[in-house]
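Colleague: Below is one structure. I have some questions about it.
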Amino acid sequence: MAYTVPKLADYSAEALDKAVAKLLSALETEAAAVASESDWNTFRDRWLARKNGILTLVNDLWLKAAPKDAKREVGQRVNEVKARVEERVAGVKPERVVSYTGSGASVIPKLAVAATGTSGPRVIIEERPLDITLPGIRRPMGAEHPVIKTMNEIVSVFRNLGYSVEEGPEIETDYYNFEALNFPPNHPARDTQDTIFIAGQESKPLRDRLLLRTHTSPVQIRTMEKQRPPVRVVCPGKVHRNDAPDATHSPIFHQVEGLAVDTNITFCDLKGTLDHAMKALFGSSVKTRFYPSFFPFTEPSADVQISCIFCGGKGTRDGGPCRNCKASGWIELLGCGMVDPNVYRFVNYDSKKISGFAFGMGVERIAILKYGVDDIQLFFQGDVRFLEQFG
Ligand SMILES: [Zn+2]
């Protein structure tokens, strides 16, 4: 006969003890009978269900119904009962279910002992016939992150032109990030790159203070310090700026910087190289044009625009103005220029004998155009639904 919670007529200590003892003995008997996950579910619901579970009934029939002067005594016991029931329910929960297929007899006795033992995790063995028609476990393939993929594509375009790859530290000194690139202290161009500085370095000279690099250009300096011309390198990497995140800005992004220094390098070489690179990245019908610009470490400097890949440079699409190029037919993509002779002084190159060019491009910007992504934040949110589209 299954246990039911009795109404109490007698609230004396002895009567309460007796009622509690009866309940606990029922609890033990039922706990011992749990032999599978479904047994356990039934057991748990019978004792703990909010509606009509034994604990709820104990609360209603014993505590709530108790006369005022017995409440304290009853409350104490109800709390004890509650703790004991919860402990037993948790205690007999099957810890794991071992699926057993076929007739691996040697495995079974050991596990069976664990299942019937009184201490240690309970193991419940579920016997299932082997069904070879069940679908297998699908292990999804990983995919390159679109930013890394784009960065690798850019790098490979320049590798094919004979450039090698150089990398540098993300935590840079003021000297490499600014000074050696011809940004003197207090130069206004420093303001255009909202820099994240490492705290607590006021005692150091300015040039030794650490910051998160705002561009990959310091790698140019580090490379030229290490090697004499000719130099042809691309420097891919992560950079940081104190920009508030929005659809087009992120405090972390990636750049690929390029540097070519040799005898007789001219602006024509720069134009030809970048025109080739843009065609390799966006298709052979893409045109480029160069606009005067300013960077402290190049002179002259230029911004490079490519003909809009969405409207083919017409500025109109689907009978209306093209949104991607703001109807101009051109999209601004990167900065470049001839290396400023001042920069060579920092690395002991003779600016009378050599010349060179440098360029830098934002990887996310190119990925956004190539893959039609409308929000830079998507690259950094780690949402698999977005990322797996690039697999
Ligand atoms: Zn357009």
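Following the order of the structure tokens, chains are lettered A, B, ..., residues in each are numbered from 1, and ligands are numbered from 1.
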How would you write, as a PyMOL selection string, the set of residues no farther than 9 Å from ligand 1 when counting only C-alpha atoms and all ligand atoms?
Modeller: chain A and resi 307-317+321-331
Colleague: Residues of stretch 170-283 of chain A in helix (DSSP H, G or I) according to DSSP, as a compact mmCIF listing (two decimals) with C-alpha atoms, in the first residue's frame?
Modeller:
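Okay, this is what ended up in out.txt:
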```
# COMPACT_ATOMS: atom_id res chain seq x y z
CA ASP A 174 55.45 55.02 -28.96
CA TYR A 175 58.70 55.08 -30.92
CA TYR A 176 57.72 52.37 -33.42
CA ASN A 177 54.04 53.23 -33.61
CA GLU A 179 57.93 58.60 -33.82
CA ALA A 180 59.88 56.49 -36.31
CA LEU A 181 56.96 56.80 -38.73
CA PRO A 188 48.27 66.63 -34.92
CA ALA A 189 48.23 63.46 -37.06
CA ARG A 190 48.47 61.46 -33.84
CA ASP A 191 44.96 62.66 -33.00
CA THR A 192 43.48 60.87 -36.00
CA LEU A 206 57.60 59.15 -24.21
CA ARG A 207 59.26 57.02 -26.89
CA ASP A 208 59.44 53.97 -24.60
CA PRO A 218 55.54 49.75 -37.09
CA VAL A 219 56.45 46.43 -38.72
CA GLN A 220 57.87 48.45 -41.64
CA ILE A 221 60.36 50.07 -39.28
CA ARG A 222 61.20 46.80 -37.54
CA THR A 223 61.80 45.15 -40.92
CA MET A 224 64.02 47.93 -42.25
CA GLU A 225 66.04 47.87 -39.02
CA LYS A 226 66.72 44.17 -39.58
CA PHE A 267 54.96 56.00 -58.02
CA CYS A 268 54.25 54.08 -61.24
CA ASP A 269 55.39 50.89 -59.51
CA LEU A 270 53.04 51.65 -56.63
CA LYS A 271 50.10 52.23 -58.97
CA GLY A 272 50.79 49.14 -61.01
CA THR A 273 51.18 46.96 -57.93
CA LEU A 274 47.98 48.11 -56.27
CA ASP A 275 45.99 48.05 -59.51
CA HIS A 276 47.06 44.44 -60.00
CA ALA A 277 46.23 43.58 -56.37
CA MET A 278 42.73 45.08 -56.55
CA LYS A 279 42.01 43.20 -59.78
CA ALA A 280 43.26 40.00 -58.16
CA LEU A 281 40.99 40.56 -55.17
CA PHE A 282 37.85 41.92 -56.80
```
Colleague: Within 12 Å of A:Lys352, counting only C-alpha atoms, which residues show up once you throw out same-chain ones fewer than 3 positions away? Write them as a list of chain:residue names, please.
Modeller: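 Neighbouring residues, sequence-local ones excluded: A:Asp262, A:Thr263, A:Asn264, A:Asp340, A:Pro341, A:Asn342, A:Tyr344, A:Arg345, A:Asn348, A:Tyr349, A:Ser355, A:Gly356.
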Colleague: Between A:Gly362, A:Pro140, A:Gly319, A:Pro245, which residue has the minimum interatomic distance to A:Asp375, considering only C-alpha atoms?
Modeller: A:Pro245
Colleague: Would you mind telling me which residue in A:Asn186, A:Ile154, A:Gly283, A:Glu73 lies nearest to A:Tyr11 when using only C-alpha atoms?
Modeller: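 The shortest atom-to-atom distance to A:Tyr11 comes from A:Glu73.
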Colleague: Write out as a list in words each polymer residue whose atoms come within 12 Å of A:Ser25, counting only C-alpha atoms; drop sequence neighbours fewer than 3 positions from it.
Modeller: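 Those residues are Ala2, Tyr3, Lys18, Ala19, Val20, Ala21, Lys22, Glu28, Thr29, Glu30, Ala31, Ala32, Val81, Arg84, Val85 and Arg88 of chain A.
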Colleague: Based on the backbone DSSP call, show me all residues of stretch 165-272 of chain A assigned strand (DSSP E or B), as a list in words.
Modeller: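 DSSP-assigned strand (DSSP E or B) residues in stretch 165-272 of chain A: Val165, Ile171, Glu172, Thr173, Phe197, Leu210, Leu211, Leu212, Val231, Arg232, Val233, Val234, Cys235, Pro236, Gly237, Lys238, Val239, His240, Ile252, Phe253, His254, Gln255, Val256, Glu257, Gly258, Leu259, Ala260, Val261 and Asp262 of chain A.
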